[in-house]
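A.B. asks: Pasting coords.cif here (mmCIF, C-alpha atoms):
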```cif
data_data
#
loop_
_atom_site.group_PDB
_atom_site.id
_atom_site.type_symbol
_atom_site.label_atom_id
_atom_site.label_comp_id
_atom_site.auth_asym_id
_atom_site.auth_seq_id
_atom_site.Cartn_x
_atom_site.Cartn_y
_atom_site.Cartn_z
ATOM 1 C CA MET A 1 1.736 6.481 -23.577
ATOM 2 C CA ALA A 2 5.126 5.032 -22.667
ATOM 3 C CA ALA A 3 5.932 8.088 -20.565
ATOM 4 C CA GLU A 4 2.647 7.696 -18.638
ATOM 5 C CA LYS A 5 3.382 4.025 -17.974
ATOM 6 C CA LYS A 6 6.887 4.853 -16.757
ATOM 7 C CA LEU A 7 5.516 7.556 -14.432
ATOM 8 C CA LEU A 8 2.919 5.142 -13.034
ATOM 9 C CA GLU A 9 5.581 2.484 -12.410
ATOM 10 C CA GLU A 10 7.737 5.067 -10.588
ATOM 11 C CA GLN A 11 4.778 6.070 -8.415
ATOM 12 C CA LEU A 12 4.108 2.422 -7.584
ATOM 13 C CA GLU A 13 7.727 1.830 -6.626
ATOM 14 C CA ASN A 14 7.886 4.991 -4.466
ATOM 15 C CA LEU A 15 4.719 4.048 -2.577
ATOM 16 C CA ARG A 16 5.921 0.473 -2.146
ATOM 17 C CA ARG A 17 9.221 1.714 -0.718
ATOM 18 C CA LYS A 18 7.461 4.078 1.712
ATOM 19 C CA LEU A 19 5.208 1.321 2.981
ATOM 20 C CA ILE A 20 8.094 -1.097 3.423
ATOM 21 C CA ASP A 21 10.039 1.567 5.322
ATOM 22 C CA ALA A 22 6.975 2.035 7.569
ATOM 23 C CA GLY A 23 6.991 -1.682 8.400
ATOM 24 C CA VAL A 24 4.249 -2.882 6.043
ATOM 25 C CA LYS A 25 4.848 -6.155 4.203
ATOM 26 C CA VAL A 26 4.043 -5.655 0.510
ATOM 27 C CA LEU A 27 3.470 -9.005 -1.192
ATOM 28 C CA SER A 28 3.166 -9.521 -4.912
ATOM 29 C CA GLY A 29 2.488 -12.810 -6.644
ATOM 30 C CA ASN A 30 -0.166 -15.005 -8.186
ATOM 31 C CA TRP A 31 -3.134 -14.347 -5.884
ATOM 32 C CA GLY A 32 -5.956 -15.267 -8.249
ATOM 33 C CA GLY A 33 -6.378 -11.759 -9.632
ATOM 34 C CA LYS A 34 -7.058 -10.271 -6.227
ATOM 35 C CA GLY A 35 -5.459 -7.839 -3.843
ATOM 36 C CA GLY A 36 -6.153 -6.351 -0.473
ATOM 37 C CA ILE A 37 -5.015 -5.079 2.886
ATOM 38 C CA ALA A 38 -4.788 -7.266 5.971
ATOM 39 C CA ARG A 39 -3.426 -7.300 9.466
ATOM 40 C CA TYR A 40 -2.098 -10.524 10.905
ATOM 41 C CA LYS A 41 -0.527 -10.834 14.365
ATOM 42 C CA GLY A 42 -0.008 -7.064 14.532
ATOM 43 C CA GLN A 43 1.714 -6.869 11.130
ATOM 44 C CA TRP A 44 0.144 -4.980 8.200
ATOM 45 C CA PHE A 45 0.175 -6.629 4.767
ATOM 46 C CA VAL A 46 -0.668 -5.309 1.314
ATOM 47 C CA VAL A 47 -1.254 -8.200 -1.069
ATOM 48 C CA MET A 48 -1.377 -7.581 -4.818
ATOM 49 C CA ASP A 49 -1.731 -9.999 -7.698
ATOM 50 C CA ARG A 50 1.048 -9.288 -10.159
ATOM 51 C CA HIS A 51 -1.529 -9.218 -12.981
ATOM 52 C CA LEU A 52 -3.674 -6.477 -11.438
ATOM 53 C CA PRO A 53 -3.898 -3.368 -13.605
ATOM 54 C CA PRO A 54 -1.378 -0.724 -12.468
ATOM 55 C CA ASN A 55 -4.131 1.755 -11.589
ATOM 56 C CA LEU A 56 -5.619 -0.728 -9.084
ATOM 57 C CA LYS A 57 -2.199 -1.414 -7.574
ATOM 58 C CA LEU A 58 -1.683 2.326 -7.208
ATOM 59 C CA ARG A 59 -5.055 2.795 -5.473
ATOM 60 C CA LEU A 60 -4.315 -0.041 -3.054
ATOM 61 C CA LEU A 61 -0.908 1.350 -2.093
ATOM 62 C CA GLN A 62 -2.248 4.915 -1.847
ATOM 63 C CA ARG A 63 -5.050 3.794 0.458
ATOM 64 C CA MET A 64 -2.628 2.088 2.810
ATOM 65 C CA CYS A 65 -0.368 5.154 2.839
ATOM 66 C CA GLN A 66 -3.362 7.361 3.628
ATOM 67 C CA TYR A 67 -4.411 5.103 6.466
ATOM 68 C CA LEU A 68 -0.961 5.040 8.009
ATOM 69 C CA THR A 69 -0.444 8.744 7.236
ATOM 70 C CA ILE A 70 3.056 8.218 5.915
ATOM 71 C CA ASP A 71 5.047 11.405 6.502
ATOM 72 C CA GLU A 72 6.441 12.424 3.122
ATOM 73 C CA GLU A 73 9.515 14.164 4.534
ATOM 74 C CA GLN A 74 10.504 11.796 7.335
ATOM 75 C CA ASN A 75 9.200 8.663 5.589
ATOM 76 C CA SER A 76 7.963 7.238 8.870
ATOM 77 C CA GLU A 77 4.699 6.002 10.245
ATOM 78 C CA THR A 78 2.952 8.716 12.250
ATOM 79 C CA ARG A 79 -0.307 6.915 12.862
ATOM 80 C CA GLY A 80 -0.949 3.431 14.151
ATOM 81 C CA ASP A 81 -4.027 1.321 14.213
ATOM 82 C CA ARG A 82 -6.234 2.121 17.187
ATOM 83 C CA ASN A 83 -8.866 -0.548 16.887
ATOM 84 C CA GLY A 84 -7.155 -3.557 15.314
ATOM 85 C CA GLY A 85 -9.336 -3.378 12.214
ATOM 86 C CA ALA A 86 -8.613 -2.959 8.557
ATOM 87 C CA PRO A 87 -8.509 0.530 7.057
ATOM 88 C CA THR A 88 -11.926 1.958 6.349
ATOM 89 C CA GLY A 89 -13.223 5.053 4.573
ATOM 90 C CA ASN A 90 -12.806 7.111 7.758
ATOM 91 C CA PRO A 91 -9.685 6.165 9.756
ATOM 92 C CA ASP A 92 -10.807 8.062 12.892
#
```
Would you write the structure of this file as structure tokens?

C.D. replies:
Amino acid sequence: MAAEKKLLEEQLENLRRKLIDAGVKVLSGNWGGKGGIARYKGQWFVVMDRHLPPNLKLRLLQRMCQYLTIDEEQNSETRGDRNGGAPTGNPD
């Protein structure tokens, strides 16, 4: 159990680092138990309540990485937003 928790925390930190490197602001704090993805004045934000379960944090960060298509090797953003909207189920 402890090994699984450690692995999950490492995954969270790796995804957070990739998003930050791609120019996404990742905010964590007391947000009333909520989290989400937003775009404000051309800047992407991922907001996560610090009390969210780790699996929900992971899903939120993974979804943003999928939307931006973060290149694993170059760790750079290879896709931008075309329509100014939030990520949806189908980014195209």

A.B. asks: What does the structure give for the distance between CA of Ile37 in chain A and CA of Glu10 in chain A, in Å to one decimal?

C.D. replies: 21.1 Å

A.B. asks: So for range 35-51 of chain A, what box centre and size do we get, axis-aligned, 6 Å extra on each of the six sides, every listed atom, Å to one decimal, as JSON?

C.D. replies:
```
{"center_x": -2.2, "center_y": -7.9, "center_z": 0.8, "size_x": 19.9, "size_y": 17.9, "size_z": 39.5}
```

A.B. asks: As a check of understanding, name the residues that the PyMOL selection byres ((chain A and resi 17) around 12) selects in the supplied structure, as a ChimeraX atom specification.

C.D. replies: /A:10-16,18-26,61-62,65,70,72,75-76

A.B. asks: How would you write as a VMD selection string the residues that get within 10 Å of (-6.8, -12.9, -6.6) in the file's frame, counting all atoms listed in the file?

C.D. replies: chain A and resid 29 to 36 47 to 52

A.B. asks: Considering all atoms listed in the file, can you say which of A:Glu9, A:Ala38, A:Ser28, A:Gln43 comes closest to Leu58 in chain A?

C.D. replies: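 Of the candidates, the smallest distance to Leu58 in chain A is held by A:Glu9.
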
A.B. asks: Would you compute the distance between CA of Leu27 in chain A and CA of Phe45 in chain A? Give it in Å to one decimal.

C.D. replies: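 Taking CA of Leu27 in chain A and CA of Phe45 in chain A, their separation equals 7.2 Å.
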
A.B. asks: CA of Trp44 in chain A and CA of Lys6 in chain A, how far apart in Å?

C.D. replies: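 These atoms are spaced 27.7 Å apart.
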
A.B. asks: Using only C-alpha atoms, which of A:Leu8, A:Lys41, A:Ala3, A:Thr69 sits nearest Leu56 in chain A?

C.D. replies: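 Smallest separation from Leu56 in chain A among the options: A:Leu8.
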
A.B. asks: Calculated over all atoms listed in the file, which of the candidates A:Val46, A:Arg59, A:Pro54, A:Gln66 has the smallest distance to Leu7 in chain A?

C.D. replies: A:Pro54
